[in-house]
>>> print(open('protein_6.csv').read())   # CSV, C-alpha atoms
chain,number,residue,atom,x,y,z
A,3,MET,CA,0.0,0.0,0.0
A,4,ALA,CA,1.4,3.4,-1.0
A,5,LEU,CA,2.1,6.0,1.7
A,6,GLN,CA,-0.6,8.7,1.7
A,7,ARG,CA,-1.6,9.8,5.2
A,8,ILE,CA,1.0,11.1,7.7
A,9,LEU,CA,0.3,12.3,11.2
A,10,CYS,CA,3.0,14.7,12.4
A,11,ILE,CA,3.4,15.5,16.1
A,12,ASP,CA,5.8,18.4,17.1
A,13,ASP,CA,5.4,21.0,19.8
A,14,ASP,CA,7.1,23.7,17.8
A,15,PRO,CA,4.6,25.6,15.6
A,16,ASP,CA,7.2,26.7,13.1
A,17,ILE,CA,8.4,23.1,12.6
A,18,ARG,CA,4.8,22.0,12.2
A,19,ALA,CA,4.2,24.6,9.5
A,20,LEU,CA,7.4,23.5,7.7
A,21,LEU,CA,6.3,19.9,7.9
A,22,GLU,CA,3.0,20.7,6.4
A,23,ILE,CA,4.6,22.5,3.5
A,24,ALA,CA,7.3,19.8,3.0
A,25,LEU,CA,5.0,16.8,3.2
A,26,SER,CA,1.7,18.2,1.8
A,27,THR,CA,2.6,21.1,-0.6
A,28,VAL,CA,5.9,19.7,-1.8
A,29,ALA,CA,5.4,15.9,-1.5
A,30,GLY,CA,1.6,15.6,-2.0
A,31,PHE,CA,0.8,13.6,1.2
A,32,ASP,CA,-2.3,14.1,3.3
A,33,VAL,CA,-0.9,15.6,6.5
A,34,LEU,CA,-2.4,16.2,9.9
A,35,ALA,CA,0.0,18.2,12.2
A,36,CYS,CA,-0.6,18.1,16.0
A,37,SER,CA,1.1,19.9,18.8
A,38,SER,CA,0.9,17.2,21.4
A,39,ALA,CA,0.0,13.6,22.2
A,40,GLU,CA,-3.3,14.8,23.6
A,41,GLU,CA,-4.2,16.5,20.3
A,42,ALA,CA,-3.1,13.5,18.3
A,43,LEU,CA,-5.1,11.1,20.4
A,44,LYS,CA,-8.3,13.1,19.6
A,45,HIS,CA,-7.7,12.8,15.9
A,46,ILE,CA,-5.9,9.5,15.2
A,47,ARG,CA,-8.9,7.3,14.7
A,48,GLY,CA,-10.6,9.7,12.3
A,49,PHE,CA,-7.4,10.3,10.4
A,50,GLN,CA,-6.1,6.7,10.3
A,51,PRO,CA,-2.5,7.6,9.3
A,52,ASP,CA,-0.3,5.3,7.3
A,53,LEU,CA,2.7,6.7,9.3
A,54,VAL,CA,3.4,8.8,12.3
A,55,LEU,CA,6.2,11.4,12.3
A,56,LEU,CA,7.0,12.1,15.9
A,57,ASP,CA,9.2,14.7,17.7
A,58,VAL,CA,11.2,13.2,20.6
A,59,VAL,CA,11.7,15.9,23.2
A,60,MET,CA,8.3,17.6,23.9
A,61,PRO,CA,6.7,19.1,27.0
A,62,GLY,CA,4.2,16.7,28.6
A,63,ARG,CA,4.5,13.3,26.9
A,64,ASP,CA,7.8,12.9,25.0
A,65,GLY,CA,8.1,10.9,21.8
A,66,PRO,CA,8.3,7.4,23.1
A,67,GLU,CA,5.5,8.1,25.7
A,68,THR,CA,3.3,9.5,22.9
A,69,MET,CA,4.0,6.4,20.7
A,70,HIS,CA,2.9,4.1,23.5
A,71,ALA,CA,-0.2,6.3,24.2
A,72,LEU,CA,-1.3,6.1,20.6
A,73,ARG,CA,-0.9,2.4,20.6
A,74,ARG,CA,-2.9,1.9,23.8
A,75,HIS,CA,-5.6,4.3,22.5
A,76,ASP,CA,-6.2,2.4,19.3
A,77,ASP,CA,-6.3,-1.2,20.4
A,78,GLY,CA,-2.6,-1.7,20.0
A,79,CYS,CA,-2.5,-0.7,16.4
A,80,GLU,CA,1.2,-0.2,15.7
A,81,TYR,CA,1.4,2.7,13.3
A,82,PRO,CA,4.8,2.8,11.7
A,83,THR,CA,6.6,5.6,13.6
A,84,VAL,CA,9.5,7.7,12.5
A,85,TYR,CA,11.2,9.9,15.1
A,86,PHE,CA,12.3,13.3,14.2
A,87,THR,CA,15.0,14.6,16.5
A,88,GLY,CA,17.6,17.2,17.2
A,89,LEU,CA,19.4,14.8,19.6
A,90,ALA,CA,22.3,13.8,17.4
A,91,ASP,CA,23.6,11.1,19.6
A,92,ALA,CA,24.3,7.5,18.4
A,93,ASP,CA,23.2,5.9,21.7
A,94,ALA,CA,20.1,7.9,22.2
A,95,ASN,CA,19.2,7.1,18.6
A,96,ALA,CA,19.8,3.4,19.2
A,97,ARG,CA,17.5,3.5,22.2
A,98,LEU,CA,14.8,5.2,20.1
A,99,GLU,CA,15.1,2.5,17.4
A,100,ALA,CA,14.9,-0.2,20.2
A,101,SER,CA,11.7,1.5,21.4
A,102,GLY,CA,9.9,0.5,18.2
A,103,ALA,CA,10.6,3.3,15.7
A,104,ILE,CA,11.2,2.2,12.1
A,105,ALA,CA,13.6,5.1,11.5
A,106,ILE,CA,15.1,8.3,12.9
A,107,ILE,CA,15.4,11.5,10.9
A,108,ALA,CA,17.8,14.2,12.2
A,109,LYS,CA,17.1,17.9,12.4
A,110,PRO,CA,17.8,20.2,10.6
A,111,PHE,CA,16.0,18.7,7.6
A,112,ASP,CA,15.6,19.6,4.0
A,113,PRO,CA,11.9,20.2,3.2
A,114,LEU,CA,12.5,19.6,-0.4
A,115,SER,CA,13.7,16.0,0.1
A,116,LEU,CA,11.9,15.1,3.3
A,117,GLY,CA,8.9,13.6,1.6
A,118,GLU,CA,11.0,11.4,-0.6
A,119,GLU,CA,13.1,10.3,2.4
A,120,ILE,CA,10.0,9.3,4.3
A,121,ARG,CA,8.5,7.5,1.3
A,122,GLU,CA,11.7,5.4,1.0
A,123,ILE,CA,11.6,4.6,4.7
A,124,TYR,CA,8.0,3.5,4.5
A,125,ASP,CA,8.5,1.4,1.3
A,126,ARG,CA,11.4,-0.4,2.9
A,127,PHE,CA,9.3,-1.0,6.0
A,128,THR,CA,6.3,-2.4,4.1
A,129,ASP,CA,8.5,-4.5,1.9
A,130,ALA,CA,10.2,-6.1,4.9
A,131,HIS,CA,6.8,-6.6,6.8
A,132,GLY,CA,4.6,-7.5,3.8
A,133,ALA,CA,2.2,-4.8,4.5
B,9,MET,CA,2.8,45.5,25.1
B,10,GLU,CA,5.7,44.7,22.9
B,11,ASP,CA,8.1,45.8,25.6
B,12,HIS,CA,6.4,43.5,28.0
B,13,ALA,CA,6.6,40.6,25.6
B,14,ALA,CA,10.3,41.4,24.9
B,15,LYS,CA,11.0,41.3,28.7
B,16,LEU,CA,9.2,38.0,29.0
B,17,MET,CA,10.9,36.3,26.1
B,18,PRO,CA,14.2,35.5,27.8
B,19,MET,CA,12.3,34.1,30.8
B,20,TYR,CA,10.2,31.9,28.3
B,21,CYS,CA,13.4,30.7,26.6
B,22,LEU,CA,15.1,29.8,29.9
B,23,THR,CA,12.0,28.0,31.1
B,24,THR,CA,11.8,26.1,27.9
B,25,VAL,CA,15.5,25.1,28.2
B,26,PHE,CA,15.0,24.1,31.8
B,27,GLU,CA,12.1,21.9,30.8
B,28,ARG,CA,14.2,20.3,28.1
B,29,LEU,CA,17.0,19.9,30.6
B,30,GLN,CA,14.8,18.0,33.0
B,31,ARG,CA,13.7,15.7,30.2
B,32,ALA,CA,17.1,15.2,28.6
B,33,PRO,CA,18.1,11.5,28.3
B,34,ALA,CA,19.6,10.5,31.7
B,35,ASP,CA,21.6,7.4,30.7
B,36,LEU,CA,23.6,7.4,27.5
B,37,SER,CA,25.6,4.3,28.4
B,38,GLY,CA,25.0,1.1,26.4
B,39,SER,CA,26.4,-1.0,23.6
B,40,THR,CA,28.9,1.6,22.4
B,41,LYS,CA,32.5,2.2,23.4
B,42,GLY,CA,33.6,5.6,24.6
B,43,ILE,CA,36.7,7.7,24.2
B,44,GLY,CA,38.6,7.0,27.3
B,45,HIS,CA,37.2,6.6,30.8
B,46,GLY,CA,37.1,9.5,33.1
B,47,ARG,CA,35.2,12.5,34.3
B,48,THR,CA,31.5,12.5,33.7
B,49,ASP,CA,29.6,15.7,34.2
B,50,ARG,CA,26.0,14.7,33.5
B,51,ARG,CA,24.7,18.1,34.4
B,52,THR,CA,26.9,19.9,31.9
B,53,GLU,CA,26.2,17.3,29.2
B,54,ALA,CA,22.5,17.5,29.8
B,55,TYR,CA,22.7,21.3,29.7
B,56,VAL,CA,24.5,21.3,26.4
B,57,ALA,CA,22.1,18.7,25.0
B,58,ALA,CA,19.1,20.8,26.1
B,59,VAL,CA,20.4,24.1,24.7
B,60,SER,CA,21.6,22.5,21.4
B,61,HIS,CA,18.2,20.8,21.0
B,62,GLU,CA,16.5,24.2,21.2
B,63,LEU,CA,19.0,25.7,18.8
B,64,ARG,CA,18.6,22.8,16.4
B,65,ASN,CA,14.9,23.3,16.3
B,66,GLN,CA,15.2,27.0,15.6
B,67,LEU,CA,17.9,26.3,12.9
B,68,SER,CA,15.7,23.7,11.4
B,69,ALA,CA,13.0,26.3,10.9
B,70,ILE,CA,15.5,28.8,9.4
B,71,ILE,CA,17.3,26.4,7.1
B,72,GLY,CA,14.1,24.6,6.1
B,73,SER,CA,12.4,27.9,5.2
B,74,LEU,CA,15.4,29.1,3.2
B,75,ASN,CA,15.6,25.8,1.4
B,76,LEU,CA,11.9,26.1,0.4
B,77,ILE,CA,12.6,29.7,-0.9
B,78,ARG,CA,15.7,28.6,-2.8
B,79,GLY,CA,13.8,25.6,-4.2
B,80,GLY,CA,11.2,28.0,-5.7
B,81,LYS,CA,8.4,26.8,-3.4
B,82,ALA,CA,7.6,30.3,-2.1
B,83,GLY,CA,7.2,32.0,-5.4
B,84,THR,CA,9.7,33.8,-7.7
B,85,ILE,CA,12.5,35.5,-6.0
B,86,PRO,CA,13.9,38.7,-7.6
B,87,ALA,CA,17.4,38.1,-9.0
B,88,GLU,CA,18.9,40.7,-6.8
B,89,THR,CA,17.5,39.0,-3.7
B,90,THR,CA,18.9,35.5,-4.5
B,91,PRO,CA,22.5,36.2,-3.3
B,92,MET,CA,21.2,37.4,0.1
B,93,ILE,CA,19.0,34.3,0.5
B,94,ASP,CA,22.0,32.1,-0.4
B,95,MET,CA,24.2,34.0,2.1
B,96,ALA,CA,21.6,33.5,4.8
B,97,TYR,CA,21.3,29.8,4.0
B,98,ARG,CA,25.1,29.3,3.9
B,99,ASN,CA,25.5,31.0,7.3
B,100,ALA,CA,22.6,29.1,8.9
B,101,VAL,CA,24.2,25.8,7.7
B,102,ARG,CA,27.5,26.9,9.2
B,103,MET,CA,25.8,27.7,12.5
B,104,SER,CA,24.3,24.2,12.4
B,105,GLU,CA,27.8,22.7,11.7
B,106,LEU,CA,29.3,24.8,14.5
B,107,LEU,CA,26.6,23.6,16.9
B,108,THR,CA,27.4,20.0,16.0
B,109,ASN,CA,31.1,20.6,16.6
B,110,ILE,CA,30.3,22.2,20.0
B,111,MET,CA,28.2,19.2,21.0
B,112,ASP,CA,31.0,16.8,19.8
B,113,ALA,CA,33.7,18.8,21.7
B,114,GLU,CA,31.6,18.6,24.9
B,115,LYS,CA,31.3,14.9,24.6
B,116,ILE,CA,35.0,14.4,23.8
B,117,ALA,CA,36.0,16.7,26.8
B,118,ALA,CA,33.6,14.6,29.0
B,119,GLU,CA,35.2,11.5,27.5
B,120,GLU,CA,31.8,10.2,26.5
B,121,MET,CA,31.9,10.3,22.7
B,122,ASP,CA,29.7,7.5,21.5
B,123,ILE,CA,31.4,5.2,19.0
B,124,ARG,CA,29.3,2.4,17.6
B,125,ASP,CA,31.3,-0.7,16.7
B,126,GLN,CA,30.5,-2.4,13.5
B,127,THR,CA,32.3,-3.6,10.4
B,128,VAL,CA,32.3,-0.9,7.7
B,129,ASN,CA,33.5,-0.7,4.1
B,130,PHE,CA,35.8,2.3,4.3
B,131,ILE,CA,35.4,2.9,0.5
B,132,ASP,CA,31.6,3.5,1.1
B,133,VAL,CA,32.5,6.0,3.8
B,134,ILE,CA,34.8,7.9,1.4
B,135,ARG,CA,32.1,7.8,-1.3
B,136,ASN,CA,29.5,9.3,1.1
B,137,ALA,CA,31.9,12.0,2.3
B,138,HIS,CA,32.9,12.8,-1.3
B,139,ALA,CA,29.3,13.3,-2.3
B,140,ALA,CA,28.6,15.4,0.8
B,141,CYS,CA,31.5,17.7,0.0
B,142,ARG,CA,30.6,18.1,-3.7
B,143,ALA,CA,28.4,21.2,-3.3
B,144,LEU,CA,31.1,23.1,-1.3
B,145,ALA,CA,33.8,22.2,-3.8
B,146,ASP,CA,31.6,23.3,-6.7
B,147,GLU,CA,31.2,26.7,-5.2
B,148,LYS,CA,34.9,27.3,-5.8
B,149,SER,CA,35.1,25.1,-9.0
B,150,ILE,CA,37.5,22.7,-7.1
B,151,SER,CA,37.8,19.2,-8.4
B,152,LEU,CA,37.7,16.4,-5.8
B,153,GLU,CA,39.8,13.6,-7.4
B,154,ILE,CA,39.9,10.1,-6.0
B,155,LYS,CA,43.0,8.0,-6.6
B,156,THR,CA,42.8,4.4,-5.6
B,157,ASP,CA,42.4,1.0,-7.2
B,158,VAL,CA,40.8,-0.4,-4.0
B,159,LYS,CA,37.1,-1.4,-4.1
B,160,LYS,CA,36.6,-2.7,-0.6
B,161,ILE,CA,38.4,-2.2,2.7
B,162,GLU,CA,36.8,-3.2,5.9
B,163,VAL,CA,37.5,-1.4,9.2
B,164,ASP,CA,35.7,-1.6,12.6
B,165,GLY,CA,34.0,1.5,13.8
B,166,ASP,CA,31.1,3.9,13.6
B,167,PRO,CA,30.1,4.7,10.0
B,168,ARG,CA,28.8,8.1,10.9
B,169,ARG,CA,31.9,9.1,12.8
B,170,LEU,CA,34.2,7.6,10.1
B,171,GLU,CA,32.4,9.8,7.5
B,172,GLN,CA,32.8,12.8,9.8
B,173,ILE,CA,36.6,12.2,9.8
B,174,VAL,CA,36.8,12.1,6.0
B,175,LEU,CA,34.4,15.0,5.5
B,176,ASN,CA,36.2,17.2,8.0
B,177,LEU,CA,39.5,16.7,6.1
B,178,LEU,CA,37.9,17.2,2.8
B,179,THR,CA,36.1,20.4,3.9
B,180,ASN,CA,39.3,21.7,5.4
B,181,ALA,CA,41.2,21.0,2.1
B,182,VAL,CA,38.5,22.8,0.0
B,183,ASN,CA,38.4,25.8,2.4
B,184,PHE,CA,42.1,26.3,2.0
B,185,SER,CA,42.3,25.7,-1.7
B,186,GLU,CA,42.3,28.3,-4.4
B,187,VAL,CA,39.4,28.7,-6.8
B,188,ASP,CA,39.7,26.2,-9.7
B,189,GLY,CA,42.0,24.1,-7.5
B,190,LYS,CA,42.3,20.4,-7.0
B,191,VAL,CA,41.9,18.2,-3.9
B,192,VAL,CA,43.2,14.6,-4.2
B,193,ILE,CA,41.9,11.8,-2.1
B,194,GLY,CA,44.1,8.7,-1.8
B,195,VAL,CA,43.4,5.3,-0.2
B,196,ASP,CA,45.7,2.4,0.1
B,197,ALA,CA,45.4,-0.9,2.0
B,198,ALA,CA,48.4,-2.4,3.7
B,199,ALA,CA,48.7,-5.7,5.5
B,200,THR,CA,47.2,-4.5,8.8
B,201,ASP,CA,45.8,-1.0,8.1
B,202,VAL,CA,44.3,1.4,5.6
B,203,ARG,CA,46.0,4.7,4.8
B,204,PHE,CA,43.8,7.5,3.7
B,205,SER,CA,45.0,10.9,2.6
B,206,VAL,CA,43.7,14.3,1.5
B,207,THR,CA,46.0,16.6,-0.4
B,208,ASP,CA,45.3,20.2,-1.3
B,209,HIS,CA,47.3,22.8,-3.2
B,210,GLY,CA,46.5,25.7,-0.9
B,211,PRO,CA,49.1,28.0,0.7
B,212,GLY,CA,50.4,25.3,3.1
B,213,ILE,CA,50.5,25.4,6.8
B,214,PRO,CA,52.9,28.1,8.3
B,215,VAL,CA,55.8,26.4,10.0
B,216,GLU,CA,55.1,28.3,13.3
B,217,PHE,CA,51.5,26.9,13.3
B,218,GLN,CA,52.3,23.3,12.5
B,219,ALA,CA,52.8,22.2,16.1
B,220,LYS,CA,49.3,23.6,17.0
B,221,VAL,CA,47.3,22.2,14.1
B,222,PHE,CA,45.4,19.6,16.3
B,223,ASP,CA,45.0,21.9,19.3
B,224,MET,CA,41.5,22.9,20.5
B,225,PHE,CA,40.5,26.3,19.2
B,226,ALA,CA,43.6,26.5,16.9
B,227,THR,CA,42.9,28.6,13.8
B,228,CYS,CA,45.5,29.3,11.2
B,229,ASP,CA,45.7,32.8,9.7
B,230,THR,CA,46.9,32.5,6.1
B,231,GLY,CA,46.8,36.2,5.7
B,232,ASP,CA,43.8,36.1,3.3
B,233,GLY,CA,41.0,35.6,5.8
B,234,ARG,CA,40.5,31.9,5.0
B,235,ASN,CA,40.6,31.0,8.7
B,236,ARG,CA,37.5,32.9,9.4
B,237,ARG,CA,35.2,29.9,9.2
B,238,GLY,CA,34.9,27.9,12.4
B,239,VAL,CA,36.5,28.3,15.8
B,240,GLY,CA,39.2,25.7,15.5
B,241,LEU,CA,37.4,22.6,16.7
B,242,GLY,CA,37.3,20.6,13.5
B,243,LEU,CA,40.8,19.1,13.4
B,244,TRP,CA,40.8,18.6,17.2
B,245,ILE,CA,37.6,16.6,16.9
B,246,THR,CA,38.9,14.7,13.9
B,247,LYS,CA,42.0,13.6,15.8
B,248,ALA,CA,39.9,12.5,18.7
B,249,LEU,CA,37.7,10.5,16.4
B,250,VAL,CA,40.7,8.9,14.7
B,251,GLU,CA,42.2,7.9,18.0
B,252,ALA,CA,38.9,6.5,19.2
B,253,HIS,CA,39.1,4.1,16.2
B,254,SER,CA,42.6,3.1,17.3
B,255,GLY,CA,44.1,5.1,14.3
B,256,GLU,CA,46.7,7.7,13.8
B,257,ILE,CA,46.5,11.1,12.0
B,258,GLY,CA,49.2,13.4,10.8
B,259,PHE,CA,50.1,15.8,8.0
B,260,VAL,CA,52.9,16.9,5.7
B,261,SER,CA,52.9,20.5,4.5
B,262,GLU,CA,55.0,22.8,2.4
B,263,PRO,CA,54.2,26.1,0.6
B,264,GLY,CA,51.7,25.2,-2.1
B,265,GLN,CA,50.7,21.8,-0.8
B,266,THR,CA,49.4,20.1,2.3
B,267,CYS,CA,48.6,16.4,2.8
B,268,PHE,CA,46.7,15.1,5.8
B,269,TRP,CA,46.8,11.3,6.3
B,270,VAL,CA,45.0,8.9,8.5
B,271,THR,CA,45.7,5.2,9.2
B,272,LEU,CA,43.1,2.9,10.6
B,273,PRO,CA,43.5,-0.8,11.5
B,274,LEU,CA,41.8,-3.2,9.2
B,275,SER,CA,38.9,-5.2,10.6
B,276,ALA,CA,39.8,-8.7,11.8
B,277,GLY,CA,39.2,-10.9,8.8
B,278,ALA,CA,38.9,-7.9,6.7
B,279,GLU,CA,38.5,-8.0,2.9
B,280,HIS,CA,40.1,-5.6,0.5
B,281,LYS,CA,39.6,-6.0,-3.2
B,282,SER,CA,41.4,-4.2,-5.9
B,283,GLY,CA,40.5,-3.5,-9.5
B,284,ALA,CA,40.2,-0.1,-11.2
B,285,PRO,CA,38.0,1.8,-11.6
B,286,SER,CA,36.7,1.6,-8.1
B,287,LEU,CA,35.3,4.6,-6.2
B,288,HIS,CA,33.3,5.7,-9.2
B,289,ASP,CA,31.5,2.4,-9.5
B,290,PRO,CA,27.9,2.5,-8.4
B,291,PRO,CA,27.4,1.2,-4.8
>>> encode(input="protein_6.csv", output="structure tokens")
Amino acid sequence: MALQRILCIDDDPDIRALLEIALSTVAGFDVLACSSAEEALKHIRGFQPDLVLLDVVMPGRDGPETMHALRRHDDGCEYPTVYFTGLADADANARLEASGAIAIIAKPFDPLSLGEEIREIYDRFTDAHGA
Amino acid sequence: MEDHAAKLMPMYCLTTVFERLQRAPADLSGSTKGIGHGRTDRRTEAYVAAVSHELRNQLSAIIGSLNLIRGGKAGTIPAETTPMIDMAYRNAVRMSELLTNIMDAEKIAAEEMDIRDQTVNFIDVIRNAHAACRALADEKSISLEIKTDVKKIEVDGDPRRLEQIVLNLLTNAVNFSEVDGKVVIGVDAAATDVRFSVTDHGPGIPVEFQAKVFDMFATCDTGDGRNRRGVGLGLWITKALVEAHSGEIGFVSEPGQTCFWVTLPLSAGAEHKSGAPSLHDPP
């Protein structure tokens, strides 16, 4: 199944605006940008994302806590999740991967190529998992 | 009202940084090996991580917006505006690189640089660094020539950090090269190690500076302002990364030519295959 719907969660409004331009205007995906886990929980069932793009360090629930909350909320549905982080640390990234993310994308990012990068990540994931 | 907001802004920023600080990863130990074993200042490290996270977010917004403008996604830009957009973009990218260097320097100083340990084809590392340096070299019409007949050399280490070593040396060589110059990358495999070199045809390193090349905050004044980029962390970090991979780094310089070299031990049971052409083959 081709990637079409992406749920983005980032507490920074400027980053959310950039993500919407990069993934919707430039790359053509359907994008829902939320500022927190709570806002995402309200919308995830209605939106049914193919993939979740998730900031790591946020006030309130952080990235891993948000991912687990989304899974609990939706009967354990494991949305493929990509972390989006300014923590350029090999060990921290390894721990994020171990927590269930399918990939990690570092900030700063290029909005012109972000959509293609995420599409490749999603395709590799679905090829490996037969989705 | 605006004055009130301006007064509150620093407080907001400090509060945000403090929240990040409280939420910074507490334990970074794990399956990686560190540079040395010694002082650990978690508080300082967490502070640097928290501040840098904030700066990275803000730089992401700046660099991302400028990228969209440069890519034509924000309408047509007047021709006379383009050089200013490009200048803003270049300087934002340099700030991002400087931030990365400051974070790395902090980790090295705290003897907590994370080095993942896996078998890596060093030729792929050079290919990636070569591609990453291409745009910078093109700005000055500098050719990046790769001279080797080796197709595969396996070393043990962290692919991201190995690429950082190569890219730092390439960037340095390009920065100190003349317009239309040439930078030559060489790779040779010996019985127990790989020797990698980067040669530029810039002014050479002044004799009086040569003993300080790998010192922290060392910047070389060539008399033409080419030391202005950076604060002298690049080669210090590069040396620390090489040593963390059990390697050695050095240089030979004379007026009109400088060659930085690095040796790294081959992986146990390593393969190295020859056969030209090599680095220009598709991966």
>>> interface_residues(input="protein_6.csv", of="chain A", to="chain B", cutoff="12 Å", atoms="all atoms listed in the file", output="JSON, numbers by chain")
{"A": [12, 13, 14, 15, 16, 17, 18, 19, 20, 21, 22, 23, 24, 25, 27, 28, 29, 57, 58, 59, 60, 61, 62, 63, 64, 65, 66, 86, 87, 88, 89, 90, 91, 92, 93, 94, 95, 96, 97, 98, 100, 108, 109, 110, 111, 112, 113, 114, 115, 116]}
>>> residues_near_point(input="protein_6.csv", point="(-4.2, 19.3, 10.7)", cutoff="9 Å", atoms="all atoms listed in the file", output="compact mmCIF listing (two decimals) with C-alpha atoms, in the coordinates of the input")
# COMPACT_ATOMS: atom_id res chain seq x y z
CA LEU A 9 0.30 12.30 11.20
CA CYS A 10 3.00 14.70 12.40
CA GLU A 22 3.00 20.70 6.40
CA VAL A 33 -0.90 15.60 6.50
CA LEU A 34 -2.40 16.20 9.90
CA ALA A 35 0.00 18.20 12.20
CA CYS A 36 -0.60 18.10 16.00
>>> atom_distance(input="protein_6.csv", atom1="CA of Pro82 (chain A)", atom2="CA of Asp52 (chain A)")
7.2 Å
>>> residues_around(input="protein_6.csv", residues="Asp208 (chain B)", least_positions_apart="5", cutoff="7 Å", atoms="only C-alpha atoms", output="ChimeraX atom specification")
/B:181,185,190-192,265-267
>>> closest_residue(input="protein_6.csv", among="B:Ala139, B:Ile161, B:Ile93, B:Met224", to="Ala197 (chain B)", atoms="all atoms listed in the file")
B:Ile161
>>> atom_distance(input="protein_6.csv", atom1="CA of Lys148 (chain B)", atom2="CA of Gly242 (chain B)")
20.6 Å
>>> residues_near_point(input="protein_6.csv", point="(44.8, 4.2, 18.6)", cutoff="12 Å", atoms="only C-alpha atoms", output="VMD selection string")
chain B and resid 43 to 44 201 247 to 257 270 to 273
>>> atom_distance(input="protein_6.csv", atom1="CA of Asp125 (chain A)", atom2="CA of Ile11 (chain A)")
21.1 Å
>>> residues_around(input="protein_6.csv", residues="Phe225 (chain B)", least_positions_apart="4", cutoff="7 Å", atoms="all atoms listed in the file", output="PyMOL selection string")
chain B and resi 239-241
